[in-house]
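Colleague: work.cif is reproduced in full below (mmCIF, C-alpha atoms and all ligand atoms).
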```
data_query
#
loop_
_atom_site.group_PDB
_atom_site.id
_atom_site.type_symbol
_atom_site.label_atom_id
_atom_site.label_comp_id
_atom_site.auth_asym_id
_atom_site.auth_seq_id
_atom_site.Cartn_x
_atom_site.Cartn_y
_atom_site.Cartn_z
ATOM 1 C CA MET A 122 165.464 126.644 111.846
ATOM 2 C CA SER A 123 165.440 126.509 108.056
ATOM 3 C CA THR A 124 167.031 123.518 106.390
ATOM 4 C CA GLN A 125 169.933 125.821 105.496
ATOM 5 C CA TYR A 126 172.334 124.567 108.177
ATOM 6 C CA PRO A 127 175.503 126.399 109.175
ATOM 7 C CA GLU A 128 178.731 124.761 108.117
ATOM 8 C CA TRP A 129 180.443 124.188 111.468
ATOM 9 C CA ILE A 130 179.498 122.772 114.862
ATOM 10 C CA TRP A 131 181.499 122.066 118.029
ATOM 11 C CA HIS A 132 181.206 118.436 119.143
ATOM 12 C CA ASN A 133 183.171 116.634 121.857
ATOM 13 C CA GLY A 134 186.048 119.078 121.827
ATOM 14 C CA GLN A 135 186.380 119.558 118.085
ATOM 15 C CA ILE A 136 184.994 121.845 115.403
ATOM 16 C CA LYS A 137 183.362 119.554 112.843
ATOM 17 C CA ARG A 138 181.288 119.917 109.721
ATOM 18 C CA TRP A 139 177.579 120.029 110.628
ATOM 19 C CA GLN A 140 176.826 116.684 108.997
ATOM 20 C CA ASP A 141 179.645 114.948 110.887
ATOM 21 C CA ALA A 142 178.324 115.715 114.409
ATOM 22 C CA THR A 143 176.394 112.463 114.735
ATOM 23 C CA THR A 144 175.443 110.115 117.546
ATOM 24 C CA HIS A 145 174.309 106.490 117.735
ATOM 25 C CA VAL A 146 170.596 105.600 117.594
ATOM 26 C CA MET A 147 171.027 103.838 120.936
ATOM 27 C CA SER A 148 172.180 107.037 122.640
ATOM 28 C CA HIS A 149 170.624 107.167 126.110
ATOM 29 C CA ALA A 150 169.267 110.693 125.598
ATOM 30 C CA LEU A 151 167.245 109.680 122.536
ATOM 31 C CA HIS A 152 165.406 107.036 124.528
ATOM 32 C CA TYR A 153 165.134 108.648 127.943
ATOM 33 C CA GLY A 154 165.416 112.406 127.449
ATOM 34 C CA SER A 155 168.695 112.555 129.393
ATOM 35 C CA SER A 156 170.075 115.802 128.008
ATOM 36 C CA VAL A 157 170.501 119.346 129.275
ATOM 37 C CA PHE A 158 170.883 122.415 127.131
ATOM 38 C CA GLU A 159 170.873 126.198 126.857
ATOM 39 C CA GLY A 160 169.604 128.768 124.404
ATOM 40 C CA ILE A 161 171.688 131.946 124.184
ATOM 41 C CA ARG A 162 171.587 134.914 121.810
ATOM 42 C CA CYS A 163 174.442 136.873 120.322
ATOM 43 C CA TYR A 164 173.473 140.452 119.349
ATOM 44 C CA GLU A 165 175.202 143.092 117.266
ATOM 45 C CA THR A 166 176.160 146.087 119.405
ATOM 46 C CA PRO A 167 177.994 149.350 118.629
ATOM 47 C CA ASN A 168 181.141 147.730 120.098
ATOM 48 C CA GLY A 169 180.824 144.515 118.080
ATOM 49 C CA PRO A 170 178.888 141.278 118.556
ATOM 50 C CA ALA A 171 178.104 140.419 122.190
ATOM 51 C CA ILE A 172 176.830 137.159 123.651
ATOM 52 C CA PHE A 173 174.121 138.028 126.146
ATOM 53 C CA ARG A 174 174.802 136.621 129.623
ATOM 54 C CA LEU A 175 176.902 133.774 128.220
ATOM 55 C CA SER A 176 178.397 132.897 131.619
ATOM 56 C CA ASP A 177 175.036 132.901 133.382
ATOM 57 C CA HIS A 178 173.525 130.616 130.736
ATOM 58 C CA ASN A 179 176.369 128.138 130.902
ATOM 59 C CA LYS A 180 176.294 128.226 134.694
ATOM 60 C CA ARG A 181 172.665 127.143 134.417
ATOM 61 C CA LEU A 182 173.705 124.383 131.994
ATOM 62 C CA TYR A 183 176.018 122.951 134.657
ATOM 63 C CA ALA A 184 173.336 123.384 137.330
ATOM 64 C CA SER A 185 170.901 121.398 135.161
ATOM 65 C CA ALA A 186 173.545 118.664 134.758
ATOM 66 C CA LYS A 187 174.106 118.591 138.528
ATOM 67 C CA ILE A 188 170.406 117.954 139.148
ATOM 68 C CA TYR A 189 170.550 114.917 136.858
ATOM 69 C CA ASP A 190 173.921 113.743 138.180
ATOM 70 C CA MET A 191 175.501 114.065 134.733
ATOM 71 C CA PRO A 192 179.300 114.269 134.922
ATOM 72 C CA MET A 193 180.326 116.929 132.403
ATOM 73 C CA PRO A 194 183.404 115.973 130.360
ATOM 74 C CA TYR A 195 184.488 119.621 129.886
ATOM 75 C CA GLY A 196 184.689 122.568 132.253
ATOM 76 C CA VAL A 197 182.388 125.528 131.847
ATOM 77 C CA ASP A 198 185.279 127.669 130.529
ATOM 78 C CA VAL A 199 185.732 125.230 127.646
ATOM 79 C CA ILE A 200 182.045 125.561 126.741
ATOM 80 C CA ASN A 201 182.142 129.369 127.024
ATOM 81 C CA ALA A 202 185.111 129.368 124.630
ATOM 82 C CA ALA A 203 183.386 126.874 122.312
ATOM 83 C CA CYS A 204 180.369 129.206 122.102
ATOM 84 C CA ARG A 205 182.588 132.042 120.893
ATOM 85 C CA GLU A 206 184.583 129.798 118.577
ATOM 86 C CA VAL A 207 181.614 128.287 116.762
ATOM 87 C CA ILE A 208 179.977 131.669 116.085
ATOM 88 C CA LYS A 209 183.210 133.018 114.640
ATOM 89 C CA LYS A 210 183.901 129.896 112.611
ATOM 90 C CA ASN A 211 180.479 130.262 110.956
ATOM 91 C CA ASN A 212 181.039 134.013 110.340
ATOM 92 C CA LEU A 213 177.881 134.858 112.279
ATOM 93 C CA THR A 214 177.268 138.013 114.286
ATOM 94 C CA ARG A 215 173.557 137.818 115.152
ATOM 95 C CA ALA A 216 173.060 134.244 116.263
ATOM 96 C CA TYR A 217 171.375 131.762 118.565
ATOM 97 C CA LEU A 218 173.629 129.351 120.453
ATOM 98 C CA ARG A 219 172.692 125.889 121.652
ATOM 99 C CA PRO A 220 175.159 124.312 124.110
ATOM 100 C CA PHE A 221 174.041 120.753 124.762
ATOM 101 C CA ALA A 222 175.118 117.819 126.934
ATOM 102 C CA TYR A 223 173.641 114.377 126.561
ATOM 103 C CA ARG A 224 174.115 110.830 127.688
ATOM 104 C CA GLY A 225 175.376 109.009 124.621
ATOM 105 C CA LEU A 226 176.221 105.374 124.035
ATOM 106 C CA GLY A 227 177.336 102.870 126.663
ATOM 107 C CA GLY A 228 175.269 100.795 129.019
ATOM 108 C CA PHE A 229 171.579 100.072 129.023
ATOM 109 C CA GLY A 230 169.016 101.060 131.569
ATOM 110 C CA LEU A 231 167.874 104.183 133.321
ATOM 111 C CA SER A 232 170.641 104.401 135.916
ATOM 112 C CA ALA A 233 173.514 103.363 133.642
ATOM 113 C CA ASP A 234 176.590 105.569 133.914
ATOM 114 C CA THR A 235 176.406 106.341 130.227
ATOM 115 C CA PRO A 236 179.154 108.784 129.210
ATOM 116 C CA VAL A 237 178.122 112.382 128.641
ATOM 117 C CA GLU A 238 178.913 114.020 125.310
ATOM 118 C CA MET A 239 178.695 117.701 124.495
ATOM 119 C CA SER A 240 178.086 119.942 121.516
ATOM 120 C CA VAL A 241 177.586 123.621 120.750
ATOM 121 C CA ALA A 242 175.577 124.554 117.672
ATOM 122 C CA THR A 243 174.771 128.034 116.385
ATOM 123 C CA TRP A 244 172.560 129.477 113.692
ATOM 124 C CA PHE A 245 170.803 132.687 112.731
ATOM 125 C CA MET A 246 167.431 133.083 114.453
ATOM 126 C CA GLY A 247 164.920 135.905 113.971
ATOM 127 C CA PRO A 248 161.919 136.446 116.293
ATOM 128 C CA TYR A 249 160.986 132.988 117.651
ATOM 129 C CA LEU A 250 157.199 133.431 117.674
ATOM 130 C CA GLY A 251 157.036 134.907 114.142
ATOM 131 C CA GLU A 252 157.944 137.997 112.136
ATOM 132 C CA GLY A 253 156.480 141.219 113.502
ATOM 133 C CA VAL A 254 155.275 139.767 116.836
ATOM 134 C CA LEU A 255 157.527 141.968 118.961
ATOM 135 C CA ASP A 256 155.435 144.944 117.770
ATOM 136 C CA ALA A 257 152.055 143.384 117.062
ATOM 137 C CA GLY A 258 151.879 140.860 119.885
ATOM 138 C CA ILE A 259 150.386 137.380 119.756
ATOM 139 C CA ASP A 260 147.090 135.719 120.633
ATOM 140 C CA ALA A 261 147.653 133.089 123.323
ATOM 141 C CA CYS A 262 145.535 130.400 124.954
ATOM 142 C CA VAL A 263 145.650 128.524 128.233
ATOM 143 C CA SER A 264 146.677 124.962 127.541
ATOM 144 C CA SER A 265 144.643 121.922 128.456
ATOM 145 C CA TRP A 266 148.007 120.455 129.544
ATOM 146 C CA GLN A 267 149.326 121.364 132.982
ATOM 147 C CA ARG A 268 153.004 121.650 133.902
ATOM 148 C CA PHE A 269 154.511 118.737 135.807
ATOM 149 C CA ALA A 270 154.242 118.905 139.605
ATOM 150 C CA PRO A 271 157.434 119.956 141.432
ATOM 151 C CA ASN A 272 157.861 116.521 143.029
ATOM 152 C CA THR A 273 157.813 114.799 139.634
ATOM 153 C CA ILE A 274 160.251 116.497 137.248
ATOM 154 C CA PRO A 275 162.295 119.542 138.316
ATOM 155 C CA ALA A 276 161.191 122.523 136.222
ATOM 156 C CA GLY A 277 164.317 124.403 137.257
ATOM 157 C CA ALA A 278 166.507 122.120 135.138
ATOM 158 C CA LYS A 279 166.633 122.918 131.447
ATOM 159 C CA ALA A 280 166.541 119.254 130.498
ATOM 160 C CA GLY A 281 165.488 117.712 127.197
ATOM 161 C CA GLY A 282 162.751 115.618 128.806
ATOM 162 C CA ASN A 283 161.015 118.724 130.181
ATOM 163 C CA TYR A 284 160.291 119.779 126.641
ATOM 164 C CA LEU A 285 157.812 116.963 126.124
ATOM 165 C CA SER A 286 155.550 119.166 128.255
ATOM 166 C CA GLY A 287 156.502 122.215 126.173
ATOM 167 C CA GLN A 288 155.744 120.361 122.946
ATOM 168 C CA LEU A 289 152.262 119.363 124.107
ATOM 169 C CA ILE A 290 151.493 122.949 125.100
ATOM 170 C CA ALA A 291 152.983 124.623 122.004
ATOM 171 C CA ARG A 292 151.598 122.118 119.475
ATOM 172 C CA GLU A 293 148.089 122.264 120.935
ATOM 173 C CA ALA A 294 148.170 126.087 120.816
ATOM 174 C CA ARG A 295 149.330 126.161 117.165
ATOM 175 C CA ARG A 296 146.768 123.514 116.167
ATOM 176 C CA LEU A 297 144.020 125.685 117.633
ATOM 177 C CA GLY A 298 145.338 128.736 115.768
ATOM 178 C CA PHE A 299 147.050 130.523 118.681
ATOM 179 C CA GLY A 300 150.549 131.996 118.700
ATOM 180 C CA GLU A 301 151.562 130.293 121.947
ATOM 181 C CA GLY A 302 150.165 128.290 124.861
ATOM 182 C CA ILE A 303 150.294 129.229 128.556
ATOM 183 C CA ALA A 304 150.252 126.457 131.144
ATOM 184 C CA LEU A 305 148.837 126.213 134.632
ATOM 185 C CA ALA A 306 150.868 124.518 137.363
ATOM 186 C CA SER A 307 149.557 121.392 139.112
ATOM 187 C CA THR A 308 148.179 123.804 141.740
ATOM 188 C CA GLY A 309 145.816 125.190 139.103
ATOM 189 C CA LEU A 310 147.579 128.556 139.311
ATOM 190 C CA LEU A 311 149.546 130.223 136.513
ATOM 191 C CA SER A 312 152.905 128.750 135.562
ATOM 192 C CA GLU A 313 154.516 129.935 132.282
ATOM 193 C CA GLY A 314 154.399 129.674 128.498
ATOM 194 C CA ALA A 315 155.568 126.608 126.586
ATOM 195 C CA GLY A 316 159.073 128.087 126.453
ATOM 196 C CA GLU A 317 158.693 131.539 128.000
ATOM 197 C CA ASN A 318 158.127 133.199 131.367
ATOM 198 C CA LEU A 319 155.151 135.495 131.975
ATOM 199 C CA PHE A 320 154.738 139.082 133.123
ATOM 200 C CA LEU A 321 151.372 140.702 133.881
ATOM 201 C CA VAL A 322 150.979 144.454 134.420
ATOM 202 C CA PHE A 323 148.547 145.844 137.003
ATOM 203 C CA ASP A 324 148.506 149.579 137.733
ATOM 204 C CA GLY A 325 151.988 150.117 136.310
ATOM 205 C CA ALA A 326 153.611 147.298 138.349
ATOM 206 C CA LEU A 327 155.033 144.062 136.925
ATOM 207 C CA HIS A 328 153.743 140.789 138.358
ATOM 208 C CA THR A 329 155.489 137.541 137.478
ATOM 209 C CA THR A 330 154.889 133.963 138.553
ATOM 210 C CA PRO A 331 157.306 132.574 141.199
ATOM 211 C CA VAL A 332 159.926 129.862 140.609
ATOM 212 C CA SER A 333 157.801 127.556 142.774
ATOM 213 C CA ALA A 334 155.151 127.596 139.995
ATOM 214 C CA ALA A 335 156.838 124.837 137.937
ATOM 215 C CA LEU A 336 158.772 127.195 135.698
ATOM 216 C CA LEU A 337 162.277 127.665 134.416
ATOM 217 C CA ASN A 338 163.950 130.537 136.251
ATOM 218 C CA GLY A 339 164.576 132.462 133.057
ATOM 219 C CA ILE A 340 167.582 134.649 132.504
ATOM 220 C CA THR A 341 165.446 137.081 130.478
ATOM 221 C CA ARG A 342 162.974 137.136 133.404
ATOM 222 C CA ASN A 343 165.848 137.985 135.751
ATOM 223 C CA THR A 344 167.089 140.668 133.326
ATOM 224 C CA ILE A 345 163.642 142.290 133.200
ATOM 225 C CA ILE A 346 163.227 142.184 136.989
ATOM 226 C CA THR A 347 166.645 143.823 137.424
ATOM 227 C CA LEU A 348 166.167 146.534 134.766
ATOM 228 C CA ALA A 349 162.623 147.316 135.919
ATOM 229 C CA ARG A 350 163.612 147.705 139.577
ATOM 230 C CA GLU A 351 166.537 149.922 138.579
ATOM 231 C CA ALA A 352 164.061 152.082 136.629
ATOM 232 C CA GLY A 353 161.796 152.384 139.683
ATOM 233 C CA ILE A 354 159.110 149.994 138.396
ATOM 234 C CA GLU A 355 157.646 147.782 141.110
ATOM 235 C CA VAL A 356 158.096 144.048 140.488
ATOM 236 C CA VAL A 357 156.116 141.432 142.409
ATOM 237 C CA GLU A 358 156.765 137.678 142.208
ATOM 238 C CA ARG A 359 153.624 135.846 143.256
ATOM 239 C CA ASP A 360 151.124 133.138 142.466
ATOM 240 C CA MET A 361 148.224 134.264 140.290
ATOM 241 C CA PRO A 362 145.016 132.604 139.108
ATOM 242 C CA ARG A 363 144.183 132.046 135.453
ATOM 243 C CA GLU A 364 141.632 134.838 135.240
ATOM 244 C CA TYR A 365 144.323 137.441 135.938
ATOM 245 C CA LEU A 366 145.437 136.840 132.348
ATOM 246 C CA TYR A 367 142.110 138.297 131.228
ATOM 247 C CA LEU A 368 142.016 141.118 133.799
ATOM 248 C CA CYS A 369 145.537 142.559 133.693
ATOM 249 C CA ASP A 370 146.274 145.849 131.920
ATOM 250 C CA GLU A 371 149.139 144.381 129.880
ATOM 251 C CA LEU A 372 150.711 140.977 129.395
ATOM 252 C CA PHE A 373 153.913 139.729 127.788
ATOM 253 C CA MET A 374 156.067 136.632 127.640
ATOM 254 C CA CYS A 375 159.823 136.545 127.660
ATOM 255 C CA GLY A 376 162.710 134.237 126.962
ATOM 256 C CA THR A 377 165.953 134.112 125.046
ATOM 257 C CA ALA A 378 164.197 132.935 121.882
ATOM 258 C CA ALA A 379 160.912 134.871 122.361
ATOM 259 C CA GLU A 380 162.739 137.984 123.686
ATOM 260 C CA ILE A 381 159.861 140.229 124.864
ATOM 261 C CA THR A 382 156.678 139.273 123.047
ATOM 262 C CA PRO A 383 153.481 141.197 123.917
ATOM 263 C CA ILE A 384 150.253 139.185 124.271
ATOM 264 C CA ARG A 385 147.158 140.927 122.917
ATOM 265 C CA SER A 386 144.560 138.305 123.823
ATOM 266 C CA VAL A 387 144.171 135.132 125.895
ATOM 267 C CA ASP A 388 141.452 132.572 125.166
ATOM 268 C CA GLY A 389 139.756 135.087 122.875
ATOM 269 C CA ARG A 390 139.587 137.813 125.558
ATOM 270 C CA GLN A 391 141.361 141.051 124.677
ATOM 271 C CA VAL A 392 144.138 142.026 127.092
ATOM 272 C CA GLY A 393 143.984 145.750 127.950
ATOM 273 C CA THR A 394 143.639 147.783 124.760
ATOM 274 C CA GLY A 395 144.702 144.827 122.611
ATOM 275 C CA GLN A 396 147.926 146.700 121.790
ATOM 276 C CA PRO A 397 151.297 146.483 123.537
ATOM 277 C CA GLY A 398 150.921 148.870 126.497
ATOM 278 C CA PRO A 399 153.281 151.527 127.881
ATOM 279 C CA VAL A 400 154.957 149.321 130.495
ATOM 280 C CA THR A 401 155.577 146.561 127.935
ATOM 281 C CA ARG A 402 157.051 149.144 125.542
ATOM 282 C CA HIS A 403 159.243 150.556 128.303
ATOM 283 C CA VAL A 404 160.548 147.093 129.206
ATOM 284 C CA GLN A 405 161.218 146.338 125.525
ATOM 285 C CA GLU A 406 163.111 149.633 125.147
ATOM 286 C CA MET A 407 165.248 148.931 128.205
ATOM 287 C CA PHE A 408 165.962 145.366 127.093
ATOM 288 C CA PHE A 409 166.770 146.044 123.436
ATOM 289 C CA GLY A 410 168.578 149.218 124.549
ATOM 290 C CA LEU A 411 171.271 146.955 125.989
ATOM 291 C CA PHE A 412 172.179 146.055 122.415
ATOM 292 C CA ASP A 413 172.004 149.476 120.727
ATOM 293 C CA GLY A 414 173.833 151.129 123.616
ATOM 294 C CA THR A 415 170.922 153.207 124.955
ATOM 295 C CA THR A 416 170.684 151.095 128.144
ATOM 296 C CA PRO A 417 173.972 151.012 130.070
ATOM 297 C CA ASP A 418 175.300 147.495 130.687
ATOM 298 C CA ARG A 419 175.731 147.916 134.450
ATOM 299 C CA HIS A 420 176.069 144.214 135.185
ATOM 300 C CA GLY A 421 178.565 143.041 132.561
ATOM 301 C CA TRP A 422 175.882 141.087 130.717
ATOM 302 C CA LEU A 423 177.323 141.793 127.269
ATOM 303 C CA GLU A 424 180.143 139.303 126.822
ATOM 304 C CA MET A 425 181.946 140.414 123.684
ATOM 305 C CA LEU A 426 182.490 137.846 120.965
ATOM 306 C CA ASP A 427 186.080 139.054 120.590
ATOM 307 C CA ALA A 428 186.958 139.064 124.274
HETATM 308 N N1 LIG B 1 160.654 128.747 130.406
HETATM 309 C C1 LIG B 1 160.958 127.736 129.580
HETATM 310 C C2 LIG B 1 160.218 126.462 129.691
HETATM 311 C C3 LIG B 1 161.955 127.912 128.611
HETATM 312 O O1 LIG B 1 162.267 126.924 127.780
HETATM 313 C C4 LIG B 1 162.609 129.150 128.507
HETATM 314 C C5 LIG B 1 163.627 129.368 127.432
HETATM 315 N N2 LIG B 1 164.864 128.858 127.761
HETATM 316 C C6 LIG B 1 162.277 130.160 129.404
HETATM 317 C C7 LIG B 1 161.286 129.923 130.336
HETATM 318 C C8 LIG B 1 162.987 131.469 129.383
HETATM 319 O O2 LIG B 1 164.298 131.301 129.868
HETATM 320 P P1 LIG B 1 165.496 132.230 129.396
HETATM 321 O O3 LIG B 1 165.042 133.624 129.564
HETATM 322 O O4 LIG B 1 166.611 131.872 130.308
HETATM 323 O O5 LIG B 1 165.777 131.900 127.974
#
```
Now, as a test, write the supplied structure out as structure tokens.
Modeller:
Amino acid sequence: MSTQYPEWIWHNGQIKRWQDATTHVMSHALHYGSSVFEGIRCYETPNGPAIFRLSDHNKRLYASAKIYDMPMPYGVDVINAACREVIKKNNLTRAYLRPFAYRGLGGFGLSADTPVEMSVATWFMGPYLGEGVLDAGIDACVSSWQRFAPNTIPAGAKAGGNYLSGQLIAREARRLGFGEGIALASTGLLSEGAGENLFLVFDGALHTTPVSAALLNGITRNTIITLAREAGIEVVERDMPREYLYLCDELFMCGTAAEITPIRSVDGRQVGTGQPGPVTRHVQEMFFGLFDGTTPDRHGWLEMLDA
């Protein structure tokens, strides 16, 4: 995000000025990573701005909180409404939303029943991995950092602490001159990108790594699986070894922020033709078609800003 902050933010039940949404330096989450959050996009559509799968994202927020035994001070309906309210208050239409719950101040120690506070921020966000990458693709590398094992930290929670792993992977990749890093699971098999799920294409079929491979069960991943199957494209969820990244016909990563970003090389090896391939293009068309009206919204995923 640029240093040009939006004016308004929702914090603990109130709309406040951005600079007034503060917390104490002794907040539990700052020390121990005890926060959960979501990333959601609002798109312009022919019928007005729509928040993409708002309810599903906030359901996942509450699922993440349940895993960490965090009592949420507001119901999910309050947070859904806050998401709409803060976008409107900032006069945004194309926006990224960040609902967030964190253990704040009160009590010391790891198991303290520190009260949970909540905020919802929003700002304009273009393509996460850089201008032009949705067409040109990125060069990726396999990280020297593995994902955490499933019996250590639950990858299925979107918790602040998980993103220490993501930071190691993403920062190493950028330092080495790559657009993004891809991690292996503790099994040595493919997991996901620093903040994105993976799809490989073999013979016209989509292959994606399973939720057991230390990844976040992405809502974009689920959207792609659903749209692809409806379009008659075969989708396989399975474990895959690292070298499949080099051998597949096409490769892309996906996520709310990264949307659908083609990958043109991994570890210096060209993927397919080195250009986004036909299946990747088809998936992009179906996905972005949800927002220009060319893909019917059969599942009620577009939750209108002015509902
Ligand atoms: N994996 C990780 C680690 C992520 O942070 C994200 C982004 N939230 C994803 C996958 C993609 O998830 P989604 O499509 O729900 O944004």
Colleague: Might you pull out every residue within 9 Å of Ser312 (chain A), with all atoms listed in the file counted and same-chain residues fewer than 2 positions away left off, and present them as number ranges by chain?
Modeller: A: 267-268, 303-307, 309-310, 314, 318-319, 330-336, 360-361
Colleague: Near region 178-185 of chain A, within 10 Å and counting all atoms listed in the file, which residues show up once chain neighbours fewer than 5 positions away are dropped, as a PyMOL selection string?
Modeller: chain A and resi 156-161+173+190-193+196-198+200-201+204+220-222+275-280+338-340
Colleague: Excluding Gly302 (chain A) and its own-chain neighbours fewer than 2 positions away, which residues fall within 12 Å of it when counting all atoms listed in the file? Please give them as a PyMOL selection string.
Modeller: chain A and resi 250+259-268+286-300+304-305+311-319+374+384+386-388
Colleague: Please define a box with edges along x, y and z of the file around all atoms of region 129-143 of chain A given in the file, extend it by 5 Å on each side, and return its centre and edge lengths in Å to one decimal, as lines of an AutoDock Vina configuration file.
Modeller:
```
center_x = 181.4
center_y = 118.3
center_z = 115.4
size_x = 20.0
size_y = 21.7
size_z = 22.9
```
Colleague: Name the residues captured by the PyMOL selection byres (((chain A and resi 391-400) around 10) and not hetatm) when it is applied to the shown file; answer as a ChimeraX atom specification.
Modeller: /A:255-260,321-327,349,354,365-373,382-390,401-406
Colleague: If we count only C-alpha atoms and set the cut-off at 6 Å, which residues sit around Tyr217 (chain A), ignoring sequence neighbours fewer than 3 positions away in its own chain? Please answer as a CSV table (one decimal) with C-alpha atoms, keeping the file's coordinate frame.
Modeller:
```
chain,number,residue,atom,x,y,z
A,161,ILE,CA,171.7,131.9,124.2
A,162,ARG,CA,171.6,134.9,121.8
A,243,THR,CA,174.8,128.0,116.4
A,244,TRP,CA,172.6,129.5,113.7
A,245,PHE,CA,170.8,132.7,112.7
A,246,MET,CA,167.4,133.1,114.5
```
Colleague: Could you list, as a ChimeraX atom specification, every residue within 7 Å of His149 (chain A), counting all atoms listed in the file and ignoring same-chain residues fewer than 6 positions away?
Modeller: /A:155,224-226
Colleague: So which one's closest to Tyr223 (chain A), A:His420, A:Arg350, A:Arg205, A:His145? Using only C-alpha atoms, please.
Modeller: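 Once distances to Tyr223 (chain A) are computed over only C-alpha atoms, the minimum belongs to A:His145.
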Colleague: Let me know the residues the PyMOL selection byres (((chain A and resi 139) around 7) and not hetatm) catches in the file above, as a ChimeraX atom specification.
Modeller: /A:127-130,137-138,140-142
Colleague: With C-alpha atoms retained, could you export that selection as a PDB file, keeping the file's coordinate frame?
Modeller:
```
ATOM      1  CA  PRO A 127     175.503 126.399 109.175  1.00  0.00           C
ATOM      2  CA  GLU A 128     178.731 124.761 108.117  1.00  0.00           C
ATOM      3  CA  TRP A 129     180.443 124.188 111.468  1.00  0.00           C
ATOM      4  CA  ILE A 130     179.498 122.772 114.862  1.00  0.00           C
ATOM      5  CA  LYS A 137     183.362 119.554 112.843  1.00  0.00           C
ATOM      6  CA  ARG A 138     181.288 119.917 109.721  1.00  0.00           C
ATOM      7  CA  GLN A 140     176.826 116.684 108.997  1.00  0.00           C
ATOM      8  CA  ASP A 141     179.645 114.948 110.887  1.00  0.00           C
ATOM      9  CA  ALA A 142     178.324 115.715 114.409  1.00  0.00           C
TER      10      ALA A 142
END
```
Colleague: Looking at A:Ala150, A:Ala428, A:Leu175, A:Ala233, which one is nearest to ligand LIG 1 (chain B), with distances taken over all atoms listed in the file?
Modeller: A:Leu175
Colleague: What gap, in Å, lies between CA of Ile381 (chain A) and CA of Trp131 (chain A)?
Modeller: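 These two atoms are separated by 29.1 Å.
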Colleague: Separation of CA of Thr347 (chain A) and CA of Glu364 (chain A), in Å?
Modeller: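 Interatomic distance, CA of Thr347 (chain A) to CA of Glu364 (chain A): 26.7 Å.
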Colleague: Pick the closest to Ala216 (chain A) from A:Gly134, A:Pro248, A:Gly353, A:Gly253: which is it, counting all atoms listed in the file?
Modeller: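 Checking each candidate against Ala216 (chain A), we get A:Pro248 as the closest.
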Colleague: In Å, with one decimal, what is the gap from atom C3 of ligand LIG 1 (chain B) to CA of Thr377 (chain A)?
Modeller: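 Rounded to one decimal, the two atoms are 8.2 Å apart.
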